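Structure record follows, encoded as structure tokens.
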Amino acid sequence: MRDRFVERSHALAAVQDAQSTANRIREYLANGLDDELRAFVDQHHPADLADAMQFLSDSEDLSLYRRLTSEEAAEVLDEVGETTRTALVRATESDRLAEILGYLPSDEGADLLGALSPEDRVAVFGHITDLSLRAELARLVGYPADTAGGVMSLGYVDVDMGSTQAGAIARFRDKKNAEHIFFVYVVDAAGRLIGMVDLRTLLTASSETPLSELWDDQVVTVQPDCDQEQVAGIFARYDLTALPVVDLDRRLLGVITADDIIDVIQEEADEDVAHMVGSDASELERKSPAKIAMMRMPWIMATLFIELFAGIVIKFFDHTIAQVLLLASFMPIISAISGNTGLQSAAIIIRGLSTGHVRLNDWRHAVARQLGTTLILGAACGIVLGIIGALWYGKWTFGVLVTVGMFMSVNIAGAVGTAIPLTSKRLGFDPALTAGPFETAFQDVVGISIFLGMATLLLPWLK
């Protein structure tokens, strides 16, 4: 409990610091105090400036961004949200953007270029004087941003399979743009991945030791068209710190490391949560209220019409409710608990599918675990609510009705919340899009129908 409190306190303090920084920047910009702004920027990490930009307007973001050096602008672009980054990149002159790209790893630079039109991209390439950087960017920008090819880096160290330890160390020195130096990747003459050597093994070997005695040929790899969500699952499943990307002939194309995939995991998690509530993570950034409303409207309307079925169900059983009015007091409780249970089950399955902990081929295990959980939850909630109902109504039969109704509703909701994401994934849809308001509304209707149907059957014993 204390740890959670401390964590929330730190998060709140971070937000307050960002707001304070934004207010100071706004003041300097409004009063044209460029020297003071320059001194203020020099005192803050680019990540802090990026956090502050969340609380600035679009025009203020652009004004601050244009006052940064190219190196500072590169670091800020690497930290801000996707919507803000796209807007800033598109507002940047091609020669300045080419200069900014020189301060970024090629994989991050390719992400920036991906936000431009083909014509603007060509213009930027025309200003890049570093031929090796231009070649790397051209190679990476062709991959979709949400694939392994889109998140991989070219900053790895590859060594010929005939090399020795000394040759590998010399290759380290030659490869000055290498970012990922924890592994050496051994390739043959055609560039095919043969194995890899971790840095500790390499440094503790003698200089004459052939790499053939050091490398591990059991290397987990991925192809460039693999979805980034699946890549994150592979990292989690095998506890990896780096993942080579190879083509169909096993030629080494690039490497994805843990720091590359952390942002992907966060992005996918935010996207899943947003989809589950019928929203979109990007609405937290620059979308207008009208655009946000139009984006969420279909989900709200779908929920509204499904909930109308609950009204039809209640109308159908109005004779039962009229004779036992206390049923109306317990309907929203059963509906809410069953709906929340189903949503929790869906959230667990969706997250498990994202990280690889839940696999479609082993769906029976996932379903069995979730149903085992809901059996316990349904029994506990049913017994507690049943005792309350029996005492309130004065008859044990009412308590039995509430207990059984709650138990069945929770378990059906859990089954639905587990089955729908798995089925959606099997059919090729995003499972997060099928959960949320739509699913909760459906479970409300099912829960109320079960409860009132049982009440109708037990009506002679409730009077």
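Residue numbers start at 1 in each chain; chains themselves are named A, B, ... in the order of the structure tokens; ligands are numbered from 1 in the order shown.
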Polymer residues at most 12 Å from Asp34 (chain A), only C-alpha atoms, same-chain spacing of 6 or more positions, as a ChimeraX atom specification | /A:25-28,40-41,63-64,66-68
Those residues with N, CA and C atoms, as an mmCIF file, in the first residue's frame please?
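Saved result, result_25.cif, follows:
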```
data_model
loop_
_atom_site.group_PDB
_atom_site.id
_atom_site.type_symbol
_atom_site.label_atom_id
_atom_site.label_comp_id
_atom_site.auth_asym_id
_atom_site.auth_seq_id
_atom_site.Cartn_x
_atom_site.Cartn_y
_atom_site.Cartn_z
ATOM 1 N N ILE A 25 8.022 28.471 -19.440
ATOM 2 C CA ILE A 25 8.279 28.585 -20.882
ATOM 3 C C ILE A 25 7.261 29.522 -21.524
ATOM 4 N N ARG A 26 5.989 29.382 -21.144
ATOM 5 C CA ARG A 26 4.925 30.221 -21.694
ATOM 6 C C ARG A 26 5.194 31.696 -21.385
ATOM 7 N N GLU A 27 5.643 31.949 -20.172
ATOM 8 C CA GLU A 27 5.943 33.329 -19.755
ATOM 9 C C GLU A 27 7.082 33.922 -20.591
ATOM 10 N N TYR A 28 8.147 33.135 -20.789
ATOM 11 C CA TYR A 28 9.278 33.627 -21.583
ATOM 12 C C TYR A 28 8.873 33.872 -23.033
ATOM 13 N N PHE A 40 17.026 28.926 -19.434
ATOM 14 C CA PHE A 40 16.101 27.979 -18.806
ATOM 15 C C PHE A 40 16.180 26.614 -19.489
ATOM 16 N N VAL A 41 16.225 26.605 -20.816
ATOM 17 C CA VAL A 41 16.330 25.361 -21.579
ATOM 18 C C VAL A 41 17.620 24.630 -21.252
ATOM 19 N N SER A 63 6.961 27.274 -31.219
ATOM 20 C CA SER A 63 7.866 28.388 -30.900
ATOM 21 C C SER A 63 9.056 27.910 -30.084
ATOM 22 N N LEU A 64 8.796 27.057 -29.093
ATOM 23 C CA LEU A 64 9.893 26.515 -28.285
ATOM 24 C C LEU A 64 10.807 25.646 -29.138
ATOM 25 N N ARG A 66 11.444 25.673 -32.288
ATOM 26 C CA ARG A 66 12.259 26.428 -33.243
ATOM 27 C C ARG A 66 13.404 27.176 -32.574
ATOM 28 N N ARG A 67 13.347 27.331 -31.269
ATOM 29 C CA ARG A 67 14.427 27.999 -30.549
ATOM 30 C C ARG A 67 15.482 27.018 -30.031
ATOM 31 N N LEU A 68 15.256 25.737 -30.244
ATOM 32 C CA LEU A 68 16.209 24.720 -29.794
ATOM 33 C C LEU A 68 17.305 24.515 -30.831
#
```
For Asn361 (chain A), list every protein, DNA or RNA residue within 12 Å, evaluated using only C-alpha atoms, and leave out those in the same chain fewer than 3 positions away; present the list as a list of chain:residue names.
-> A:Leu353, A:Gly356, A:His357, A:Val358, A:Arg364, A:His365, A:Ala366, A:Val367, A:Leu422, A:Thr423, A:Lys425, A:Arg426
I need the residues from that last selection saved to file as a CSV table (one decimal), in the first residue's frame (with N, CA and C atoms), if you can.
```
chain,number,residue,atom,x,y,z
A,353,LEU,N,-2.3,-11.9,-24.6
A,353,LEU,CA,-2.1,-12.0,-26.0
A,353,LEU,C,-1.0,-11.1,-26.5
A,356,GLY,N,2.4,-12.4,-25.1
A,356,GLY,CA,2.8,-13.8,-25.4
A,356,GLY,C,2.5,-14.8,-24.3
A,357,HIS,N,2.0,-14.3,-23.2
A,357,HIS,CA,1.7,-15.2,-22.1
A,357,HIS,C,0.5,-16.0,-22.3
A,358,VAL,N,-0.4,-15.5,-23.2
A,358,VAL,CA,-1.5,-16.3,-23.6
A,358,VAL,C,-1.4,-16.6,-25.1
A,364,ARG,N,-7.3,-23.4,-24.4
A,364,ARG,CA,-8.1,-24.1,-23.3
A,364,ARG,C,-7.5,-23.8,-21.9
A,365,HIS,N,-6.2,-23.7,-21.9
A,365,HIS,CA,-5.6,-23.4,-20.6
A,365,HIS,C,-6.0,-22.0,-20.1
A,366,ALA,N,-6.0,-21.0,-21.0
A,366,ALA,CA,-6.4,-19.7,-20.6
A,366,ALA,C,-7.8,-19.6,-20.2
A,367,VAL,N,-8.7,-20.3,-20.9
A,367,VAL,CA,-10.1,-20.3,-20.5
A,367,VAL,C,-10.3,-21.0,-19.2
A,422,LEU,N,-10.2,-13.9,-27.5
A,422,LEU,CA,-9.5,-15.1,-28.2
A,422,LEU,C,-10.1,-15.3,-29.5
A,423,THR,N,-11.4,-15.3,-29.6
A,423,THR,CA,-12.1,-15.5,-30.9
A,423,THR,C,-11.7,-14.4,-31.9
A,425,LYS,N,-9.0,-12.5,-31.9
A,425,LYS,CA,-7.6,-12.7,-32.3
A,425,LYS,C,-7.5,-13.8,-33.4
A,426,ARG,N,-8.3,-14.9,-33.2
A,426,ARG,CA,-8.3,-16.0,-34.1
A,426,ARG,C,-8.8,-15.6,-35.5
```
Check the smallest atom-to-atom distance from each of A:Leu56, A:Val141, A:Val219, A:Ile383 to Ser20 (chain A) using only C-alpha atoms, then report the winner.
->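 Answer, going by the shortest atom-to-atom distance: A:Leu56.
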Top pick for closest residue to Gly191 (chain A), considering A:Val15, A:Ile300, A:Val324, A:Leu253 and counting only C-alpha atoms =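 So, comparing all the options, the nearest one is A:Leu253.
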If you run DSSP on this backbone, which residues of region 13-181 of chain A come out as strand (DSSP E), and could you give them as a ChimeraX atom specification?
-> /A:157-160
Neighbours of Ser449 (chain A) within 10 Å (only C-alpha atoms; same-chain residues fewer than 5 positions away dropped), as a list of chain:residue names?
->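 In the requested form, the answer reads A:Phe309, A:Ala310, A:Ile312, A:Val313, A:Ile314, A:Phe316, A:Phe317, A:Met331, A:Ser335, A:Gly405, A:Ser409, A:Gln443, A:Asp444, A:Met454, A:Ala455.
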List the neighbours of Leu214 (chain A) out to 9 Å using only C-alpha atoms; skip same-chain residues closer than 6 positions along the sequence, and give me the result as a PyMOL selection string.
-> chain A and resi 165+196-198+201-202+205
Determine, counting only C-alpha atoms, which protein, DNA and RNA residues have an atom within 12 Å of an atom of Thr418 (chain A); residues of the same chain fewer than 5 positions away are not included. Present the result as a ChimeraX atom specification.
-> /A:341-353,358,360,363-374,411-413,423-425,431-432,434-435,439
Could you tell me how far CA of Ala166 (chain A) lies from CA of Glu208 (chain A), in Å and to one decimal?
->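 Between CA of Ala166 (chain A) and CA of Glu208 (chain A) the gap is 6.6 Å.
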Hey, can you check how far CA of Arg121 (chain A) sits from CA of Glu229 (chain A)?
->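 Distance reported for this atom pair: 27.1 Å.
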May I ask for the distance between CA of Gly102 (chain A) and CA of Arg134 (chain A), given in Å to one decimal place?
->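 That distance, rounded to one decimal, is 9.7 Å.
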